[in-house]
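Source file: work_33.txt. Holds: compact mmCIF, C-alpha atoms.
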```txt
# COMPACT_ATOMS: atom_id res chain seq x y z
CA MET A 56 -12.04 -45.22 -7.91
CA ALA A 57 -15.74 -46.00 -8.34
CA ARG A 58 -16.88 -47.64 -11.55
CA ALA A 59 -19.95 -46.42 -13.46
CA ARG A 60 -23.02 -48.63 -13.21
CA GLY A 61 -26.27 -48.46 -15.09
CA ALA A 62 -28.24 -48.78 -11.86
CA ASN A 63 -27.11 -45.31 -10.81
CA ALA A 64 -27.28 -43.63 -14.23
CA VAL A 65 -29.64 -40.65 -14.42
CA MET A 66 -31.23 -39.02 -17.45
CA ALA A 67 -32.42 -35.42 -17.43
CA ALA A 68 -33.83 -33.60 -20.46
CA ALA A 69 -35.15 -30.18 -21.44
CA PHE A 70 -36.43 -28.74 -24.68
CA GLU A 71 -34.16 -26.21 -26.37
CA SER A 72 -35.25 -22.73 -27.42
CA THR A 73 -32.23 -22.55 -29.74
CA TYR A 74 -31.09 -25.66 -31.58
CA GLY A 75 -27.83 -27.03 -30.19
CA THR A 76 -27.85 -24.82 -27.08
CA ALA A 77 -28.69 -26.48 -23.78
CA PRO A 78 -31.13 -24.48 -21.63
CA VAL A 79 -30.04 -23.40 -18.17
CA SER A 80 -33.25 -24.59 -16.50
CA GLY A 81 -36.38 -26.60 -17.08
CA PHE A 82 -34.81 -30.06 -16.95
CA LYS A 83 -36.98 -33.08 -16.15
CA LYS A 84 -35.79 -36.42 -14.84
CA LEU A 85 -36.88 -39.10 -17.30
CA PRO A 86 -36.94 -42.86 -16.69
CA PHE A 87 -35.22 -45.03 -19.28
CA VAL A 88 -34.34 -48.65 -19.94
CA SER A 89 -31.17 -48.11 -21.97
CA ALA A 90 -29.42 -45.26 -23.75
CA ALA A 91 -26.85 -45.19 -26.56
CA LEU A 92 -26.35 -41.47 -27.11
CA GLY A 93 -22.90 -39.89 -27.17
CA ASP A 94 -20.22 -38.58 -29.48
CA GLU A 95 -18.27 -41.02 -31.65
CA GLN A 96 -15.27 -39.97 -33.71
CA GLY A 97 -13.55 -42.57 -35.82
CA LEU A 98 -10.00 -42.72 -37.12
CA ILE A 99 -8.87 -42.78 -40.76
CA ALA A 100 -5.79 -44.83 -41.49
CA SER A 101 -2.95 -42.95 -43.21
CA ASP A 102 -2.59 -43.51 -46.95
CA LEU A 103 0.86 -41.92 -47.30
CA LEU A 104 3.76 -43.75 -48.92
CA GLY A 105 7.48 -43.20 -48.81
CA TYR A 106 8.05 -43.79 -45.10
CA GLY A 107 8.61 -47.53 -45.11
CA ARG A 108 6.26 -50.26 -43.97
CA GLU A 109 5.53 -48.83 -40.51
CA PRO A 110 2.19 -46.95 -40.35
CA LEU A 111 1.98 -43.20 -39.87
CA PRO A 112 -0.48 -41.71 -37.33
CA PRO A 113 -4.17 -41.84 -38.38
CA SER A 114 -6.38 -38.79 -38.84
CA ARG A 115 -9.58 -38.11 -36.97
CA ASP A 116 -12.88 -38.36 -38.85
CA VAL A 117 -16.14 -36.43 -38.35
CA VAL A 118 -18.19 -36.59 -35.15
CA ASN A 119 -21.38 -38.69 -35.09
CA ASN A 120 -23.94 -38.72 -32.30
CA GLU A 121 -26.95 -40.90 -32.83
CA GLY A 122 -28.42 -43.94 -31.15
CA ASP A 123 -31.42 -45.57 -29.56
CA VAL A 124 -32.92 -44.70 -26.20
CA VAL A 125 -35.42 -47.23 -24.86
CA VAL A 126 -38.03 -45.65 -22.59
CA PRO A 127 -41.11 -46.91 -20.77
CA VAL A 128 -44.49 -46.11 -22.29
CA ASP A 129 -45.93 -44.45 -19.23
CA LEU A 130 -48.74 -42.09 -18.33
CA ARG A 131 -46.81 -38.85 -17.81
CA ASN A 132 -43.20 -38.94 -19.01
CA PHE A 133 -43.96 -40.46 -22.40
CA GLY A 134 -45.61 -37.20 -23.42
CA GLN A 135 -42.13 -35.64 -23.53
CA TRP A 136 -41.03 -38.18 -26.15
CA LEU A 137 -44.25 -37.74 -28.14
CA LYS A 138 -43.60 -33.99 -28.22
CA LEU A 139 -40.03 -34.57 -29.43
CA ALA A 140 -41.25 -36.89 -32.22
CA MET A 141 -44.42 -35.07 -33.31
CA GLY A 142 -44.27 -31.51 -31.97
CA ALA A 143 -46.21 -29.79 -29.22
CA PRO A 144 -49.76 -31.06 -28.67
CA SER A 145 -53.01 -29.20 -28.34
CA SER A 146 -54.25 -29.66 -24.77
CA ALA A 147 -57.68 -29.36 -23.20
CA GLU A 148 -58.68 -29.62 -19.53
CA ASP A 149 -61.85 -30.98 -17.97
CA THR A 150 -62.05 -30.95 -14.15
CA GLY A 151 -58.37 -31.77 -13.67
CA VAL A 152 -58.14 -34.27 -16.53
CA TYR A 153 -56.01 -33.16 -19.48
CA THR A 154 -56.32 -34.46 -23.03
CA HIS A 155 -53.18 -33.93 -25.13
CA THR A 156 -53.56 -34.42 -28.89
CA PHE A 157 -50.43 -34.93 -31.00
CA VAL A 158 -50.73 -34.80 -34.79
CA SER A 159 -48.33 -36.07 -37.45
CA GLY A 160 -46.74 -33.94 -40.13
CA ALA A 161 -45.59 -30.83 -38.23
CA LEU A 162 -43.42 -28.62 -40.45
CA THR A 163 -40.93 -27.97 -37.65
CA LEU A 164 -39.96 -30.22 -34.77
CA PRO A 165 -38.47 -29.36 -31.36
CA SER A 166 -35.02 -30.35 -30.17
CA MET A 167 -33.85 -31.46 -26.74
CA ALA A 168 -30.80 -31.36 -24.56
CA ILE A 169 -30.37 -34.72 -22.86
CA GLN A 170 -27.92 -35.25 -20.01
CA ILE A 171 -26.88 -38.78 -19.09
CA GLY A 172 -25.15 -38.75 -15.74
CA MET A 173 -22.88 -41.37 -14.18
CA PRO A 174 -22.24 -39.98 -10.68
CA GLU A 175 -19.65 -42.59 -9.63
CA VAL A 176 -16.97 -41.31 -12.03
CA PRO A 177 -18.33 -38.55 -12.04
CA SER A 178 -19.30 -37.94 -15.69
CA TYR A 179 -22.24 -36.01 -17.06
CA GLY A 180 -22.60 -36.06 -20.84
CA VAL A 181 -24.88 -33.32 -22.17
CA ASN A 182 -26.13 -34.13 -25.66
CA VAL A 183 -27.49 -31.07 -27.47
CA GLY A 184 -29.54 -30.71 -30.62
CA VAL A 185 -31.32 -34.02 -30.03
CA ARG A 186 -34.12 -34.74 -32.49
CA ALA A 187 -36.36 -37.83 -32.77
CA ASN A 188 -35.94 -39.76 -36.00
CA THR A 189 -38.02 -42.83 -35.18
CA MET A 190 -40.33 -44.15 -32.47
CA GLN A 191 -41.09 -47.86 -32.35
CA ILE A 192 -43.53 -49.69 -30.08
CA GLN A 193 -44.22 -53.41 -30.01
CA LEU A 194 -47.51 -54.83 -28.79
CA GLN A 195 -47.67 -58.29 -27.28
CA ARG A 196 -49.63 -60.29 -24.75
CA SER A 197 -47.29 -59.88 -21.79
CA GLY A 198 -44.05 -58.24 -20.75
CA LEU A 199 -42.99 -54.64 -20.16
CA LEU A 200 -44.28 -51.99 -22.53
CA SER A 201 -41.45 -49.82 -23.90
CA ALA A 202 -40.72 -47.58 -26.87
CA THR A 203 -37.44 -47.38 -28.77
CA MET A 204 -36.60 -43.81 -29.73
CA GLY A 205 -34.10 -43.44 -32.57
CA LEU A 206 -32.36 -40.13 -31.86
CA ILE A 207 -29.92 -37.91 -33.75
CA ALA A 208 -27.95 -35.29 -31.78
CA GLN A 209 -25.57 -32.54 -32.83
CA GLY A 210 -22.93 -33.17 -30.20
CA GLU A 211 -22.00 -34.01 -26.63
CA THR A 212 -19.99 -32.20 -23.97
CA LYS A 213 -18.67 -33.98 -20.88
CA PHE A 214 -18.81 -32.33 -17.46
CA SER A 215 -17.73 -33.46 -14.00
CA THR A 216 -20.87 -31.99 -12.40
CA SER A 217 -24.51 -32.07 -13.39
CA GLN A 218 -25.66 -29.25 -15.67
CA ALA A 219 -29.36 -29.98 -15.09
CA GLY A 220 -29.81 -28.25 -11.73
CA THR A 221 -32.55 -29.96 -9.75
CA PRO A 222 -34.73 -31.70 -12.34
CA THR A 223 -38.45 -32.04 -11.70
CA GLU A 224 -39.78 -35.58 -11.57
CA ALA A 225 -43.21 -36.94 -12.52
CA VAL A 226 -44.84 -39.87 -10.75
CA MET A 227 -44.07 -43.04 -12.68
CA GLU A 228 -47.12 -45.01 -13.86
CA ARG A 229 -46.41 -47.43 -16.69
CA PHE A 230 -48.95 -48.79 -19.15
CA SER A 231 -49.03 -52.57 -19.38
CA HIS A 232 -49.34 -54.83 -22.40
CA PHE A 233 -52.47 -56.45 -21.00
CA GLN A 234 -54.20 -53.06 -21.08
CA GLY A 235 -53.68 -52.81 -24.84
CA GLU A 236 -56.21 -53.18 -27.61
CA VAL A 237 -56.15 -53.08 -31.40
CA LYS A 238 -59.19 -51.74 -33.25
CA ARG A 239 -60.23 -51.57 -36.88
CA GLU A 240 -62.75 -48.88 -37.77
CA GLY A 241 -63.46 -48.42 -34.07
CA THR A 242 -64.24 -52.10 -33.42
CA ALA A 243 -61.93 -54.38 -31.46
CA LEU A 244 -59.98 -56.66 -33.76
CA GLY A 245 -59.99 -60.23 -32.49
CA ASN A 246 -57.28 -62.88 -32.73
CA VAL A 247 -54.37 -60.41 -32.71
CA VAL A 248 -51.23 -62.10 -31.33
CA SER A 249 -48.69 -59.33 -31.94
CA ALA A 250 -48.32 -55.92 -33.53
CA GLU A 251 -45.66 -53.31 -34.19
CA LEU A 252 -45.90 -49.58 -34.80
CA THR A 253 -43.11 -47.36 -36.14
CA TYR A 254 -43.35 -43.60 -36.57
CA SER A 255 -40.52 -42.07 -38.60
CA ASN A 256 -39.64 -38.44 -39.30
CA GLY A 257 -37.12 -39.38 -41.98
CA LEU A 258 -34.56 -36.95 -40.57
CA ASP A 259 -31.97 -35.67 -43.03
CA LYS A 260 -28.67 -34.82 -41.35
CA VAL A 261 -27.25 -31.50 -42.55
CA GLU A 262 -23.63 -32.59 -42.95
CA VAL A 263 -21.81 -29.30 -43.55
CA ILE A 264 -18.10 -28.50 -43.39
CA ARG A 265 -17.30 -27.03 -39.98
CA PRO A 266 -14.24 -27.12 -37.70
CA ASP A 267 -15.83 -29.18 -34.93
CA GLY A 268 -16.85 -32.01 -37.30
CA ARG A 269 -20.50 -31.92 -36.21
CA ILE A 270 -23.71 -31.67 -38.20
CA ALA A 271 -25.50 -28.34 -38.53
CA ASP A 272 -28.95 -29.84 -37.87
CA ALA A 273 -31.27 -32.69 -38.84
CA ASP A 274 -34.20 -31.62 -41.01
CA PRO A 275 -37.53 -33.48 -41.05
CA GLY A 276 -38.26 -35.48 -44.19
CA MET A 277 -41.35 -37.43 -45.16
CA VAL A 278 -43.39 -38.90 -42.33
CA ALA A 279 -43.67 -42.69 -42.50
CA VAL A 280 -45.97 -44.69 -40.24
CA THR A 281 -45.55 -48.41 -40.75
CA GLY A 282 -45.81 -51.63 -38.82
CA SER A 283 -47.11 -55.14 -38.76
CA ILE A 284 -49.99 -57.03 -37.26
CA GLY A 285 -50.01 -60.77 -36.65
CA ILE A 286 -53.30 -62.61 -36.29
CA ARG A 287 -54.57 -66.11 -35.76
CA PHE A 288 -56.38 -66.97 -38.98
CA ALA A 289 -60.02 -67.19 -37.90
CA ASP A 290 -61.92 -64.94 -40.33
CA MET A 291 -61.54 -63.03 -43.59
CA THR A 292 -61.73 -59.48 -42.19
CA LEU A 293 -58.15 -58.39 -42.88
CA LEU A 294 -57.72 -60.58 -45.95
CA ASP A 295 -60.79 -59.03 -47.55
CA GLN A 296 -59.47 -55.59 -46.62
CA ALA A 297 -56.12 -56.35 -48.25
CA SER A 298 -57.71 -57.82 -51.36
CA SER A 299 -59.96 -54.80 -51.89
CA GLY A 300 -57.03 -52.37 -51.85
CA GLU A 301 -59.08 -49.93 -49.80
CA PRO A 302 -57.67 -48.33 -46.62
CA CYS A 303 -59.07 -48.69 -43.13
CA GLU A 304 -58.56 -46.99 -39.79
CA LEU A 305 -56.43 -48.85 -37.27
CA SER A 306 -55.90 -47.84 -33.67
CA PHE A 307 -53.52 -49.11 -30.99
CA GLY A 308 -54.31 -48.08 -27.44
CA TRP A 309 -53.77 -48.73 -23.74
CA THR A 310 -56.32 -47.79 -21.08
CA ILE A 311 -55.96 -47.71 -17.31
CA ASP A 312 -59.32 -45.99 -16.79
CA ALA A 313 -61.39 -43.19 -18.31
CA ASP A 314 -58.92 -40.54 -17.09
CA ARG A 315 -55.70 -42.36 -17.99
CA SER A 316 -55.12 -43.64 -21.51
CA LEU A 317 -52.94 -43.53 -24.63
CA LEU A 318 -54.29 -44.02 -28.15
CA PHE A 319 -52.51 -44.10 -31.52
CA THR A 320 -54.92 -43.75 -34.46
CA LEU A 321 -53.77 -44.36 -38.04
CA HIS A 322 -56.47 -42.85 -40.22
CA SER A 323 -55.75 -44.49 -43.57
CA VAL A 324 -53.97 -47.84 -43.41
CA PHE A 325 -53.25 -50.04 -46.40
CA LEU A 326 -52.78 -53.79 -45.93
CA PRO A 327 -50.83 -56.08 -48.26
CA ARG A 328 -52.15 -59.47 -49.22
CA ALA A 329 -50.57 -62.01 -46.86
CA LYS A 330 -50.21 -65.76 -47.10
CA GLN A 331 -51.31 -68.10 -44.32
CA PRO A 332 -48.56 -70.72 -44.04
CA VAL A 333 -49.39 -74.06 -42.43
CA GLN A 334 -46.28 -75.03 -40.47
CA GLY A 335 -47.54 -77.88 -38.33
CA PRO A 336 -50.49 -78.96 -36.24
CA ALA A 337 -50.68 -75.70 -34.29
CA GLY A 338 -52.78 -72.69 -35.22
CA VAL A 339 -52.37 -70.91 -38.56
CA GLN A 340 -51.23 -67.29 -38.44
CA ALA A 341 -50.95 -64.45 -40.94
CA THR A 342 -48.81 -61.32 -40.69
CA PHE A 343 -49.71 -58.07 -42.46
CA ALA A 344 -46.93 -55.49 -42.94
CA TRP A 345 -49.13 -52.38 -43.19
CA GLN A 346 -48.42 -48.83 -44.30
CA ALA A 347 -50.34 -45.71 -43.32
CA ALA A 348 -50.95 -42.66 -45.54
CA LYS A 349 -52.46 -39.21 -45.17
CA ASP A 350 -56.21 -39.34 -44.95
CA PRO A 351 -57.56 -37.17 -47.80
CA ILE A 352 -60.37 -35.77 -45.65
CA LEU A 353 -58.58 -35.31 -42.31
CA GLY A 354 -55.34 -34.23 -43.95
CA LYS A 355 -53.16 -36.22 -41.55
CA THR A 356 -51.73 -39.69 -41.15
CA CYS A 357 -51.64 -40.21 -37.41
CA THR A 358 -53.18 -38.80 -34.25
CA VAL A 359 -51.99 -39.65 -30.74
CA VAL A 360 -54.17 -38.81 -27.74
CA LEU A 361 -52.71 -38.95 -24.23
CA VAL A 362 -55.11 -38.48 -21.32
CA ASN A 363 -53.55 -37.81 -17.90
CA ASP A 364 -53.17 -35.23 -15.12
CA VAL A 365 -50.29 -33.24 -16.65
CA ALA A 366 -51.30 -29.67 -17.46
CA ALA A 367 -48.97 -29.08 -20.42
CA TYR A 368 -46.02 -30.42 -22.41
```

Mind converting the file's structure to structure tokens?
Amino acid sequence: MARARGANAVMAAAFESTYGTAPVSGFKKLPFVSAALGDEQGLIASDLLGYGREPLPPSRDVVNNEGDVVVPVDLRNFGQWLKLAMGAPSSAEDTGVYTHTFVSGALTLPSMAIQIGMPEVPSYGVNVGVRANTMQIQLQRSGLLSATMGLIAQGETKFSTSQAGTPTEAVMERFSHFQGEVKREGTALGNVVSAELTYSNGLDKVEVIRPDGRIADADPGMVAVTGSIGIRFADMTLLDQASSGEPCELSFGWTIDADRSLLFTLHSVFLPRAKQPVQGPAGVQATFAWQAAKDPILGKTCTVVLVNDVAAY
């Protein structure tokens, strides 16, 4: 009997037209680094007395299906995850180049069916009613650029054959850390050594009483866009910003060329006052744990612009 190996695992996903119901077509093969989706159902120890010291059989608890999926931040496939987290974008085309604009705060969010296949067994777990709770990206000088998607699903069904048909597959082209840049008010921010961006939908699981032990849905709560930025202490730009209490615009982006880019813009970011500890003879650094809010003029917290050759998401 063959044993399942991550090297041969395959992920296929499609957006649902009805929450919790997997579509029969439209699946796309998506690259991933790791995945922790799947049903979990715990056991509750018996509390009955009167049968001696030997334990009675436990009872089954409710079903939970939530976990992180780590995916590459790439030119084409990452748009699927942005759509799951923020809703469908508005798209515009100019001579074969498409600009997709995602905006925070959508009242309703889409759901996905995600199949994770292990062909050696064979086992194909189809997770339905998948919604994006969080999306986290870390910026650094080198390494592989990935995003951690915190997902909540309604449930999983196991099959011995794939339920995704023949998924379509986009050409893989990953953004790199060295292509990244952090800007404040449209001007490159110098001396940045690290940064982190987290987008949260604050999903509220609808935990109703039902015979299958699953949730009814996961409703969007308040949007929260937070993160941190670590700098070498060389000027007073961010310290003055923090001391004033006034917000600024921060952007985090990666550019391959004029027709291939990804840009996160936080329109109204508040910085806390941060100390600059001296911990030895090396350089002094400061870390600002920032929070973004809705811009009173634009009426939104975050805009993400993805420029590529994909016609629509």

Between atom CA of A:Thr358 and atom CA of A:Arg239 lies a distance of 14.8 Å

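Distances from A:Gly75, A:Gly210, A:Gly198, A:Pro302 to A:Arg229 were compared using only C-alpha atoms, and the smallest one belongs to A:Gly198.
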
Answer as a PyMOL selection string, residues within 10 Å of (-31.5, -33.4, -27.3) using all atoms listed in the file: chain A and resi 68-71+74-77+92+139+165-170+181-187+206-211

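A straight line drawn from atom CA of A:Ile264 to atom CA of A:Leu104 is 27.2 Å long.
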
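Minimum atom-to-atom distance to A:Gln340, evaluated using all atoms listed in the file, belongs to A:Gly285 out of A:Pro144, A:Gly160, A:Gly285, A:Gly61.
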
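Atom to atom, atom CA of A:Ala271 and atom CA of A:Asn119 stand 11.7 Å apart.
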
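If you measure from each of A:Phe230, A:Tyr368, A:Phe133, A:Tyr179 to A:Met204 using all atoms listed in the file, the closest one turns out to be A:Phe133.
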
Which one is closest to A:Lys84: A:Glu224, A:Asp129, A:Glu301, A:Glu148? Count only C-alpha atoms. A:Glu224

Centre and edge lengths, as AutoDock Vina command-line options, for the axis-aligned box enclosing every listed atom of stretch 111-117 of chain A with 6 Å of padding on each of the six sides, in Å to one decimal?
```
--center_x -7.1 --center_y -39.8 --center_z -38.4 --size_x 30.1 --size_y 18.8 --size_z 14.9
```

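With all atoms listed in the file as the atoms that count, the residue of A:Ile311, A:Leu244, A:Val359, A:Ala273 with the shortest distance to A:Trp136 is A:Val359.
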
Name all residues at most 7 Å from A:Asp259 (count all atoms listed in the file; drop same-chain ones fewer than 3 positions away) and give them as a PyMOL selection string. chain A and resi 273-276

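For the residues A:Gly122, A:Gly300, A:Gly282, A:Gly105, ranking by smallest atom-to-atom distance to A:Ala347 using all atoms listed in the file places A:Gly282 first.
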
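Contact shell of A:Gln191 at 12 Å (all atoms listed in the file; same-chain neighbours under 5 positions omitted): Asp123, Val124, Val125, Val126, Pro127, Val128, Trp136, Leu137, Ala140, Leu200, Ser201, Ala202, Thr203, Met204, Gly205, Leu206, Ala250, Glu251, Leu252, Thr253, Tyr254, Ser255, Asn256, Ala279, Val280, Thr281, Gly282 and Ser283 of chain A.
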
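Excluding A:Gly241 itself and same-chain residues fewer than 4 positions from it, the residues having an atom within 9 Å of it are Glu304, Leu305 and Ser306 of chain A, counting all atoms listed in the file.
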
Compile the contact shell of A:Tyr153 as an NGL selection string: residues with an atom at most 10 Å away, counting only C-alpha atoms, same-chain residues fewer than 5 positions apart removed. :A and (146-148 or 314-315 or 361-367)

Which neighbours of A:Ser217 fall inside 10 Å, counting all atoms listed in the file, when residues of the same chain fewer than 4 positions from it are skipped, and could you give them as number ranges by chain? A: 67, 170-174, 177-181, 213, 221
